[in-house]
Amino acid sequence: LTRKFRLAVVQLQVSSVKADNLSRARRLVREAAGQGSKVVLLPECFNSPYGTSFFSRYAENIPGESTQVLSEAAKENEVYLVGGSIPEEDGGKLYNTCTVFGPDGEMILKHRKIHLFDIDVPGKIRFQESETLSPGSSLSLFDTPFCKVGVGICYDMRFAELAQLYSRKGCQLLVYPGAFNMTTGPAHWELLQRGRALDNQVYVATASPARDEAASYVAWGHSTVVNPWGEVISKAGPEEAVIYADIDLQYLADIRQQIPITSQRRDDLYAVTSVQEGSS
């Protein structure tokens with residue numbers, strides 16, 4: 001195992017033109033690989049505007065046009081590509097789905113957002129993903145030559161149990177493509193990532209779309225990477241950017257030795273367990 005590798009997070013400016021989104025994503029993946037990145041992360045809903053009115057219009061089957069581009073980008077650049085998420089159509093249902101491709105261009109994972117974003121903050125924001133989307137029903141993790149990686153999408157990050165289960169299963173990096181908004185973003189975006197990283201002594205990376213003030217749903221932006229000590233080691237602003245972080249698994253091992261919460265856990269008193277195994 002290599003103890004260090006470079007992670008890139010692409011904070012993409014998403015437009016209403018799918019072909020433009022795909023070609024821009026492809027170009028930025030190439031840019032990230034050119035900087036030595038071995039794992040590249042794209043944002044939630046990177047091929048379409050985010051919103052219940054857009055999901056069915058932009059939805060695709062998997063495999064389909066968008067995953068074909070991801071497959072080619074992963075292969076051309078020999079990277080592990082976490083393809084943010086896209087609206088997926090399958091059997092008459094819609095899902096918010098993240099696909100992951102290996103350096104050979106093969107799809108190695110498909111994660112359907114488990115927790116649907118149904119919130120109502122009076123006077124601020126109401127959003128109901130469940131009006132159009134169906135939830136996924138499995139945990140999703142994949143292997144790389146560096147470490148195991150756990151995948152969640154946006155709202156999934158609010159559920160600490162998911163991160164704990166990934167950590168117990170050996171993941172040392174958690175990735176969350178996400179599009180927090182101008183209400184929840186400033187309040188919770190960074191806090192949640194630092195919490196997940198600190199609780200589990202893992203690296204956490206998030207990829208947001210760049211902010212578009214003219215969109216019906218305005219994303220907060222600020223894609224971030226947090227280390228196992230809970231420190232933000234890389235962070236974007238609101239605009240389109242590629243950010244980088246060198247993931248150091250020896251550092252992670254050192255943190256776990258210094259503060260050995262894993263061995264000190266009271267498994268005789270409490271446990272977080274997964275009820276359903278398997279991948280979607």
# chains A, B, ... in the order shown; residues from 1 in each chain; ligands from 1

$ select_by_dssp --residues "range 9-233 of chain A" --states "alpha helix (DSSP H)" --output "PyMOL selection string"
chain A and resi 18-34+52-58+65-77+160-168+184+190-200

$ write_last_selection --atoms "C-alpha atoms" --output "CSV table (one decimal), in the first residue's frame"
chain,number,residue,atom,x,y,z
A,18,LYS,CA,-25.9,18.8,-20.1
A,19,ALA,CA,-23.3,18.5,-22.9
A,20,ASP,CA,-21.5,21.6,-21.5
A,21,ASN,CA,-21.5,20.2,-18.0
A,22,LEU,CA,-20.0,16.9,-19.2
A,23,SER,CA,-17.3,18.4,-21.3
A,24,ARG,CA,-16.3,20.8,-18.6
A,25,ALA,CA,-16.2,18.0,-16.1
A,26,ARG,CA,-14.0,16.0,-18.4
A,27,ARG,CA,-11.6,18.9,-18.9
A,28,LEU,CA,-11.2,19.5,-15.2
A,29,VAL,CA,-10.7,15.8,-14.4
A,30,ARG,CA,-7.8,16.0,-17.0
A,31,GLU,CA,-6.5,19.1,-15.2
A,32,ALA,CA,-6.6,17.3,-11.8
A,33,ALA,CA,-4.8,14.2,-13.2
A,34,GLY,CA,-2.1,16.5,-14.6
A,52,THR,CA,-37.2,18.4,-8.3
A,53,SER,CA,-38.4,20.0,-11.5
A,54,PHE,CA,-35.1,19.0,-13.3
A,55,PHE,CA,-34.5,15.5,-12.1
A,56,SER,CA,-36.9,13.7,-14.5
A,57,ARG,CA,-35.9,15.9,-17.5
A,58,TYR,CA,-32.2,15.2,-17.1
A,65,GLU,CA,-24.4,9.3,-21.8
A,66,SER,CA,-23.0,10.8,-18.6
A,67,THR,CA,-21.5,7.6,-17.2
A,68,GLN,CA,-19.9,6.9,-20.6
A,69,VAL,CA,-18.1,10.3,-20.3
A,70,LEU,CA,-17.0,9.4,-16.7
A,71,SER,CA,-15.8,6.0,-17.8
A,72,GLU,CA,-13.7,7.6,-20.6
A,73,ALA,CA,-12.3,10.3,-18.3
A,74,ALA,CA,-11.3,7.8,-15.7
A,75,LYS,CA,-9.5,5.6,-18.2
A,76,GLU,CA,-7.9,8.4,-20.2
A,77,ASN,CA,-6.4,9.9,-17.0
A,160,ALA,CA,-23.3,9.8,11.7
A,161,GLU,CA,-24.1,6.1,11.7
A,162,LEU,CA,-23.3,5.8,8.0
A,163,ALA,CA,-19.8,7.3,8.5
A,164,GLN,CA,-19.2,5.1,11.6
A,165,LEU,CA,-20.1,1.9,9.6
A,166,TYR,CA,-17.8,2.9,6.8
A,167,SER,CA,-15.0,3.5,9.3
A,168,ARG,CA,-15.6,0.1,11.0
A,184,THR,CA,-27.7,25.1,5.7
A,190,GLU,CA,-18.0,22.4,7.4
A,191,LEU,CA,-19.1,21.5,10.9
A,192,LEU,CA,-20.6,18.2,9.7
A,193,GLN,CA,-17.4,17.3,7.7
A,194,ARG,CA,-15.2,18.1,10.7
A,195,GLY,CA,-17.5,16.1,12.9
A,196,ARG,CA,-17.4,13.0,10.7
A,197,ALA,CA,-13.7,13.2,10.3
A,198,LEU,CA,-13.0,13.7,14.0
A,199,ASP,CA,-15.4,11.0,15.2
A,200,ASN,CA,-14.0,8.4,13.0

$ closest_residue --among "A:Leu141, A:Cys171, A:Val202, A:Ala214" --to "Leu252 in chain A" --atoms "only C-alpha atoms"
A:Val202

$ closest_atom_pairs --of "range 164-274 of chain A" --to "range 110-125 of chain A" --cutoff "12 Å" --atoms "only C-alpha atoms" --output "Markdown table"
| residue | atom | partner | partner_atom | distance |
| --- | --- | --- | --- | --- |
| A:Val175 | CA | A:His111 | CA | 11.5 |
| A:Tyr176 | CA | A:Lys113 | CA | 10.3 |
| A:Pro177 | CA | A:Lys113 | CA | 10.2 |
| A:Gly178 | CA | A:Lys113 | CA | 10.5 |
| A:Ala179 | CA | A:Phe117 | CA | 10.6 |
| A:Phe180 | CA | A:Phe117 | CA | 10.2 |
| A:Asn181 | CA | A:Ile125 | CA | 8.7 |
| A:Met182 | CA | A:Lys124 | CA | 9.0 |
| A:Thr183 | CA | A:Lys124 | CA | 6.7 |
| A:Thr184 | CA | A:Ile125 | CA | 9.1 |
| A:Gly185 | CA | A:Ile125 | CA | 11.9 |
| A:Ser216 | CA | A:Ile125 | CA | 11.4 |
| A:Tyr217 | CA | A:Ile125 | CA | 9.6 |
| A:Val218 | CA | A:Ile125 | CA | 10.8 |

$ residues_around --residues "range 232-239 of chain A" --least-positions-apart "5" --cutoff "10 Å" --atoms "only C-alpha atoms" --output "PyMOL selection string"
chain A and resi 8-13+190+193-194+197+203-212+219-227+244-247

$ write_last_selection --atoms "N, CA, C and O atoms" --output "compact mmCIF listing (two decimals), in the first residue's frame"
# COMPACT_ATOMS: atom_id res chain seq x y z
N ALA A 8 -8.14 15.09 -5.65
CA ALA A 8 -8.62 16.35 -6.23
C ALA A 8 -10.13 16.42 -6.10
O ALA A 8 -10.82 15.41 -6.28
N VAL A 9 -10.63 17.60 -5.79
CA VAL A 9 -12.07 17.84 -5.72
C VAL A 9 -12.41 18.91 -6.76
O VAL A 9 -11.85 20.00 -6.74
N VAL A 10 -13.32 18.56 -7.66
CA VAL A 10 -13.71 19.48 -8.72
C VAL A 10 -15.02 20.17 -8.35
O VAL A 10 -16.06 19.51 -8.26
N GLN A 11 -14.94 21.47 -8.10
CA GLN A 11 -16.14 22.25 -7.81
C GLN A 11 -16.62 22.85 -9.14
O GLN A 11 -16.17 23.90 -9.57
N LEU A 12 -17.52 22.14 -9.79
CA LEU A 12 -17.93 22.44 -11.15
C LEU A 12 -19.02 23.51 -11.23
O LEU A 12 -19.95 23.49 -10.43
N GLN A 13 -18.89 24.39 -12.21
CA GLN A 13 -19.98 25.34 -12.49
C GLN A 13 -20.99 24.60 -13.36
O GLN A 13 -20.70 24.24 -14.50
N GLU A 190 -19.34 22.77 6.88
CA GLU A 190 -18.00 22.44 7.38
C GLU A 190 -18.06 21.70 8.71
O GLU A 190 -17.29 20.77 8.96
N GLN A 193 -18.62 17.97 8.26
CA GLN A 193 -17.44 17.27 7.73
C GLN A 193 -16.39 17.10 8.81
O GLN A 193 -15.77 16.04 8.94
N ARG A 194 -16.18 18.14 9.60
CA ARG A 194 -15.18 18.06 10.66
C ARG A 194 -15.62 17.06 11.73
O ARG A 194 -14.81 16.31 12.26
N ALA A 197 -15.09 13.52 10.35
CA ALA A 197 -13.65 13.22 10.31
C ALA A 197 -13.11 12.93 11.71
O ALA A 197 -12.37 11.97 11.92
N TYR A 203 -10.20 10.81 6.80
CA TYR A 203 -10.27 11.97 5.93
C TYR A 203 -11.69 12.07 5.38
O TYR A 203 -12.32 11.04 5.08
N VAL A 204 -12.19 13.28 5.25
CA VAL A 204 -13.51 13.52 4.67
C VAL A 204 -13.38 14.56 3.56
O VAL A 204 -12.76 15.61 3.77
N ALA A 205 -13.95 14.26 2.40
CA ALA A 205 -13.92 15.21 1.29
C ALA A 205 -15.34 15.44 0.77
O ALA A 205 -16.13 14.50 0.66
N THR A 206 -15.64 16.70 0.46
CA THR A 206 -16.95 17.03 -0.10
C THR A 206 -16.76 17.79 -1.41
O THR A 206 -15.82 18.58 -1.54
N ALA A 207 -17.66 17.56 -2.36
CA ALA A 207 -17.63 18.28 -3.63
C ALA A 207 -18.99 18.92 -3.88
O ALA A 207 -19.99 18.22 -4.03
N SER A 208 -19.00 20.23 -3.92
CA SER A 208 -20.22 20.99 -4.20
C SER A 208 -20.15 21.55 -5.60
O SER A 208 -19.06 21.82 -6.11
N PRO A 209 -21.30 21.76 -6.24
CA PRO A 209 -21.29 22.58 -7.45
C PRO A 209 -20.84 24.00 -7.07
O PRO A 209 -21.02 24.42 -5.93
N ALA A 210 -20.27 24.74 -8.01
CA ALA A 210 -19.96 26.15 -7.77
C ALA A 210 -21.27 26.91 -7.58
O ALA A 210 -22.33 26.45 -8.01
N ARG A 211 -21.18 28.06 -6.95
CA ARG A 211 -22.39 28.83 -6.67
C ARG A 211 -22.88 29.55 -7.92
O ARG A 211 -22.10 30.15 -8.65
N ASP A 212 -24.19 29.45 -8.15
CA ASP A 212 -24.82 30.16 -9.25
C ASP A 212 -26.01 30.92 -8.67
O ASP A 212 -27.05 30.33 -8.40
N ALA A 219 -26.38 26.75 -4.63
CA ALA A 219 -25.46 25.91 -3.85
C ALA A 219 -24.47 26.79 -3.09
O ALA A 219 -24.05 27.85 -3.57
N TRP A 220 -24.09 26.33 -1.92
CA TRP A 220 -23.16 27.07 -1.05
C TRP A 220 -21.74 27.05 -1.60
O TRP A 220 -20.98 28.00 -1.45
N GLY A 221 -21.36 25.97 -2.28
CA GLY A 221 -19.98 25.85 -2.76
C GLY A 221 -19.07 25.40 -1.63
O GLY A 221 -19.46 24.60 -0.79
N HIS A 222 -17.85 25.95 -1.59
CA HIS A 222 -16.90 25.66 -0.51
C HIS A 222 -16.60 24.16 -0.35
O HIS A 222 -16.63 23.64 0.78
N SER A 223 -16.35 23.48 -1.45
CA SER A 223 -15.88 22.09 -1.38
C SER A 223 -14.67 22.04 -0.45
O SER A 223 -13.86 22.96 -0.44
N THR A 224 -14.57 20.94 0.30
CA THR A 224 -13.63 20.91 1.43
C THR A 224 -12.98 19.53 1.60
O THR A 224 -13.58 18.51 1.26
N VAL A 225 -11.76 19.53 2.13
CA VAL A 225 -11.14 18.28 2.60
C VAL A 225 -10.70 18.49 4.04
O VAL A 225 -10.08 19.51 4.38
N VAL A 226 -11.06 17.53 4.89
CA VAL A 226 -10.74 17.59 6.32
C VAL A 226 -9.88 16.38 6.68
O VAL A 226 -10.13 15.27 6.20
N ASN A 227 -8.89 16.59 7.55
CA ASN A 227 -8.03 15.47 7.96
C ASN A 227 -8.54 14.79 9.23
O ASN A 227 -9.49 15.26 9.85
N TYR A 244 -6.95 20.56 -4.08
CA TYR A 244 -6.13 19.36 -3.92
C TYR A 244 -5.81 19.12 -2.46
O TYR A 244 -5.71 20.05 -1.67
N ALA A 245 -5.64 17.84 -2.11
CA ALA A 245 -5.20 17.49 -0.76
C ALA A 245 -4.36 16.22 -0.86
O ALA A 245 -4.73 15.29 -1.58
N ASP A 246 -3.25 16.22 -0.16
CA ASP A 246 -2.43 15.01 -0.10
C ASP A 246 -2.88 14.19 1.10
O ASP A 246 -2.77 14.62 2.25
N ILE A 247 -3.45 13.04 0.79
CA ILE A 247 -3.98 12.15 1.82
C ILE A 247 -2.84 11.29 2.34
O ILE A 247 -2.19 10.59 1.58
